[in-house]
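Novice: Here it is, the structure, as structure tokens.
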Amino acid sequence: YYIPTGAEGYESVGFITTKVQFGWLIRSFHSWSAYLIVLSAFVHLFSAFFMKSYRPPREATWITGSFLLFIVMGLGFTGYLLPWNELSFFATKVGTQIAGSVPIIGSYLRTVLRGGQEVTDATITRFFAIHVMVLPIAIAAVLGLHLLMVQLQGMSEPLSIAKDPVKKTMKFFPNFLLRDIIAWLLIFAGLLILSALFPWELGKKADPFAATPLGIKPEWYFVWMFQTLKVIPARILWFDGEVLGILGFGAAGFALVILPFIDIWARKEKRSPLLSILGVCVIIYMLVMTCLAYFGPQR
């Protein structure tokens, strides 16, 4: 039922929500699932980080998991525009403008994302293709490789359990499988309850010629980056502040991917605890920036 154009995107989502049988429920289920899968990815990332699950021989498992997080965030970014409402349109406009600030390739990257110089019908068609074809293929490939690494290297254990000579075991069938099924059913039921009690709103249709409304923000998992770029001074010495912020995010993403090798160096230099302290600081920083974005002065 969905039509990926600026003229029909909003109306087709409205038709799904109001006319298609259980369309409102399926749309809400999809939206809540998207929120929670990003949250789950971040929780899994930090739990693996603090449990040191990236240490040898699981470097490849960590690297593929990092790419999975990036792909999931890409799915969230491309899917956000598709309802073509006011919030998603202007948030995408701001997000692609930030991408355009990347040094050297910024203008090209913005043009590729938008399909032109502005957010138009070409953008929503492009985002739809990326959202339903390109990124799902990528996530299937990387997830398959990630699970293969888990099968080859096994699940990581906390250091306290790994050193314990007496370990509890459980048969996969039927014990573990039944527990897994119960967990899936509980999650499914929770998503249905959220979808039924808090159905996803459609909002107001986007007007490309209107001024950007006050307080427009990206989705919550991008808000901490958005707020960081807002608080960075326009100029830092001889450099553009926004460009330095974007370069910082890129460096952080690269450090995340190569973390197993940073940890090897840190242990060799007897500085391993510093990584855990840094992880705590990153979580606090993300929370503070997110709270400032939602509860601080709006501009």
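Labels for the structure tokens follow display order: chains A, B, ..., residues from 1 in each chain, ligands from 1.
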Determine, for each residue of region 148-249 of chain A having at least one atom at most 10 Å from an atom of region 81-96 of chain A, the closest pair of atoms and their separation in Å to one decimal, counting only C-alpha atoms; order by chain and ascending number, as a Markdown table.
Specialist:
```
| residue | atom | partner | partner_atom | distance |
| --- | --- | --- | --- | --- |
| A:Leu202 | CA | A:Asn85 | CA | 7.0 |
| A:Gly203 | CA | A:Asn85 | CA | 5.9 |
| A:Lys204 | CA | A:Asn85 | CA | 5.4 |
| A:Lys205 | CA | A:Asn85 | CA | 4.3 |
| A:Ala206 | CA | A:Glu86 | CA | 3.9 |
| A:Asp207 | CA | A:Glu86 | CA | 6.9 |
| A:Pro208 | CA | A:Phe89 | CA | 7.9 |
| A:Ala210 | CA | A:Glu86 | CA | 9.5 |
| A:Ala211 | CA | A:Phe90 | CA | 9.1 |
| A:Thr212 | CA | A:Phe90 | CA | 6.3 |
| A:Pro213 | CA | A:Phe90 | CA | 8.0 |
| A:Gly215 | CA | A:Leu87 | CA | 9.7 |
| A:Ile216 | CA | A:Ala91 | CA | 6.2 |
| A:Lys217 | CA | A:Ala91 | CA | 5.7 |
| A:Pro218 | CA | A:Ala91 | CA | 5.1 |
| A:Glu219 | CA | A:Ala91 | CA | 8.3 |
| A:Phe222 | CA | A:Gly95 | CA | 9.3 |
| A:Phe226 | CA | A:Gly95 | CA | 8.5 |
```
Novice: At most 7 Å is the cut-off: for each residue in region 111-220 of chain A with any atom that close to an atom of region 27-32 of chain A, write down the nearest atom pair and the distance in Å rounded to one decimal, counting only C-alpha atoms, chain first then increasing number, as JSON lines.
Specialist:
```
{"residue": "A:Leu191", "atom": "CA", "partner": "A:Phe29", "partner_atom": "CA", "distance": 6.4}
{"residue": "A:Leu192", "atom": "CA", "partner": "A:Phe29", "partner_atom": "CA", "distance": 6.6}
{"residue": "A:Ser195", "atom": "CA", "partner": "A:Ser28", "partner_atom": "CA", "distance": 5.0}
{"residue": "A:Pro199", "atom": "CA", "partner": "A:Ser28", "partner_atom": "CA", "distance": 5.4}
{"residue": "A:Trp200", "atom": "CA", "partner": "A:Ser28", "partner_atom": "CA", "distance": 5.0}
```
Novice: List every residue of region 53-162 of chain A that DSSP, applied to the backbone of this structure, assigns to helix (DSSP H, G or I), and report them as a ChimeraX atom specification.
Specialist: /A:59-80,86-99,106-114,121-153,159-162
Novice: Please, what distance in Å, to one decimal, runs between CA of Ser66 (chain A) and CA of Val257 (chain A)?
Specialist: 5.9 Å
Novice: In Å, with one decimal, what is the gap from CA of Asp121 (chain A) to CA of Val134 (chain A)?
Specialist: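 A separation of 18.6 Å between them.
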Novice: How far is it from CA of Tyr80 (chain A) to CA of Ser47 (chain A), in Å with one decimal?
Specialist: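 Interatomic distance here is 27.1 Å.
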Novice: Which of these residues is nearest to Val132 (chain A), using only C-alpha atoms: A:Arg110, A:Ile236, A:Gly76, A:Thr120?
Specialist: A:Gly76
Novice: If we count only C-alpha atoms and set the cut-off at 6 Å, which residues sit around region 141-158 of chain A, ignoring sequence neighbours fewer than 4 positions away in its own chain? Please answer as a compact mmCIF listing (two decimals) with all heavy atoms, in the first residue's frame.
Specialist:
```txt
# COMPACT_ATOMS: atom_id res chain seq x y z
N MET A 51 32.09 -6.65 29.32
CA MET A 51 32.45 -8.04 29.59
C MET A 51 33.70 -8.48 28.83
O MET A 51 34.12 -9.62 28.91
CB MET A 51 31.28 -8.97 29.22
CG MET A 51 30.09 -8.83 30.14
SD MET A 51 28.66 -9.80 29.55
CE MET A 51 29.33 -11.46 29.66
N SER A 53 34.13 -8.99 25.69
CA SER A 53 33.82 -10.07 24.75
C SER A 53 34.55 -9.93 23.42
O SER A 53 34.46 -10.83 22.57
CB SER A 53 32.31 -10.12 24.49
OG SER A 53 31.60 -10.37 25.68
N THR A 61 34.18 -11.28 15.53
CA THR A 61 32.81 -11.21 16.03
C THR A 61 32.47 -9.78 16.42
O THR A 61 31.39 -9.27 16.12
CB THR A 61 32.63 -12.15 17.24
OG1 THR A 61 33.06 -13.46 16.89
CG2 THR A 61 31.18 -12.19 17.68
N THR A 64 32.22 -7.45 13.14
CA THR A 64 30.96 -7.62 12.42
C THR A 64 29.79 -7.07 13.24
O THR A 64 28.84 -6.50 12.68
CB THR A 64 30.72 -9.10 12.09
OG1 THR A 64 30.84 -9.89 13.29
CG2 THR A 64 31.73 -9.59 11.06
N ALA A 162 34.56 -17.94 33.41
CA ALA A 162 35.54 -18.68 32.60
C ALA A 162 36.61 -19.35 33.48
O ALA A 162 37.11 -20.42 33.14
CB ALA A 162 36.21 -17.73 31.60
```
Novice: Which of these residues is nearest to Gln227 (chain A), using only C-alpha atoms: A:Met289, A:Ala189, A:Ile262, A:Val112?
Specialist: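 Closest residue, counting only C-alpha atoms: A:Met289.
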Novice: Considering only strand (DSSP E or B) as DSSP defines it on the backbone, what residues of region 221-277 of chain A qualify? List them as a PyMOL selection string.
Specialist: chain A and resi 235-236+239-240
Novice: From the set A:Leu194, A:Val288, A:Ile137, A:Leu69, which residue has the shortest atom-to-atom contact distance to His44 (chain A), counting only C-alpha atoms?
Specialist: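 Distance minimum relative to His44 (chain A) lands on A:Leu69.
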Novice: Listing only residues of region 22-94 of chain A within 9 Å of region 278-283 of chain A, what is the closest atom pair and its distance in Å (to one decimal) for each, using only C-alpha atoms, sorted by chain and residue number ascending, as CSV?
Specialist:
```
residue,atom,partner,partner_atom,distance
A:Phe46,CA,A:Gly279,CA,7.8
A:Phe49,CA,A:Gly279,CA,7.8
A:Phe50,CA,A:Gly279,CA,7.8
```
Novice: Write out, as a PDB file, in the first residue's frame, the residues just selected, with N, CA and C atoms.
Specialist:
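Output saved as out27.pdb:
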```pdb
ATOM      1  N   PHE A  46      27.327  -2.304  24.688  1.00  0.00           N
ATOM      2  CA  PHE A  46      27.998  -1.932  25.931  1.00  0.00           C
ATOM      3  C   PHE A  46      28.175  -3.128  26.861  1.00  0.00           C
ATOM      4  N   PHE A  49      31.112  -4.822  25.564  1.00  0.00           N
ATOM      5  CA  PHE A  49      32.292  -3.999  25.852  1.00  0.00           C
ATOM      6  C   PHE A  49      32.773  -4.212  27.282  1.00  0.00           C
ATOM      7  N   PHE A  50      31.866  -4.125  28.254  1.00  0.00           N
ATOM      8  CA  PHE A  50      32.279  -4.227  29.657  1.00  0.00           C
ATOM      9  C   PHE A  50      32.623  -5.669  30.053  1.00  0.00           C
TER      10      PHE A  50
END
```
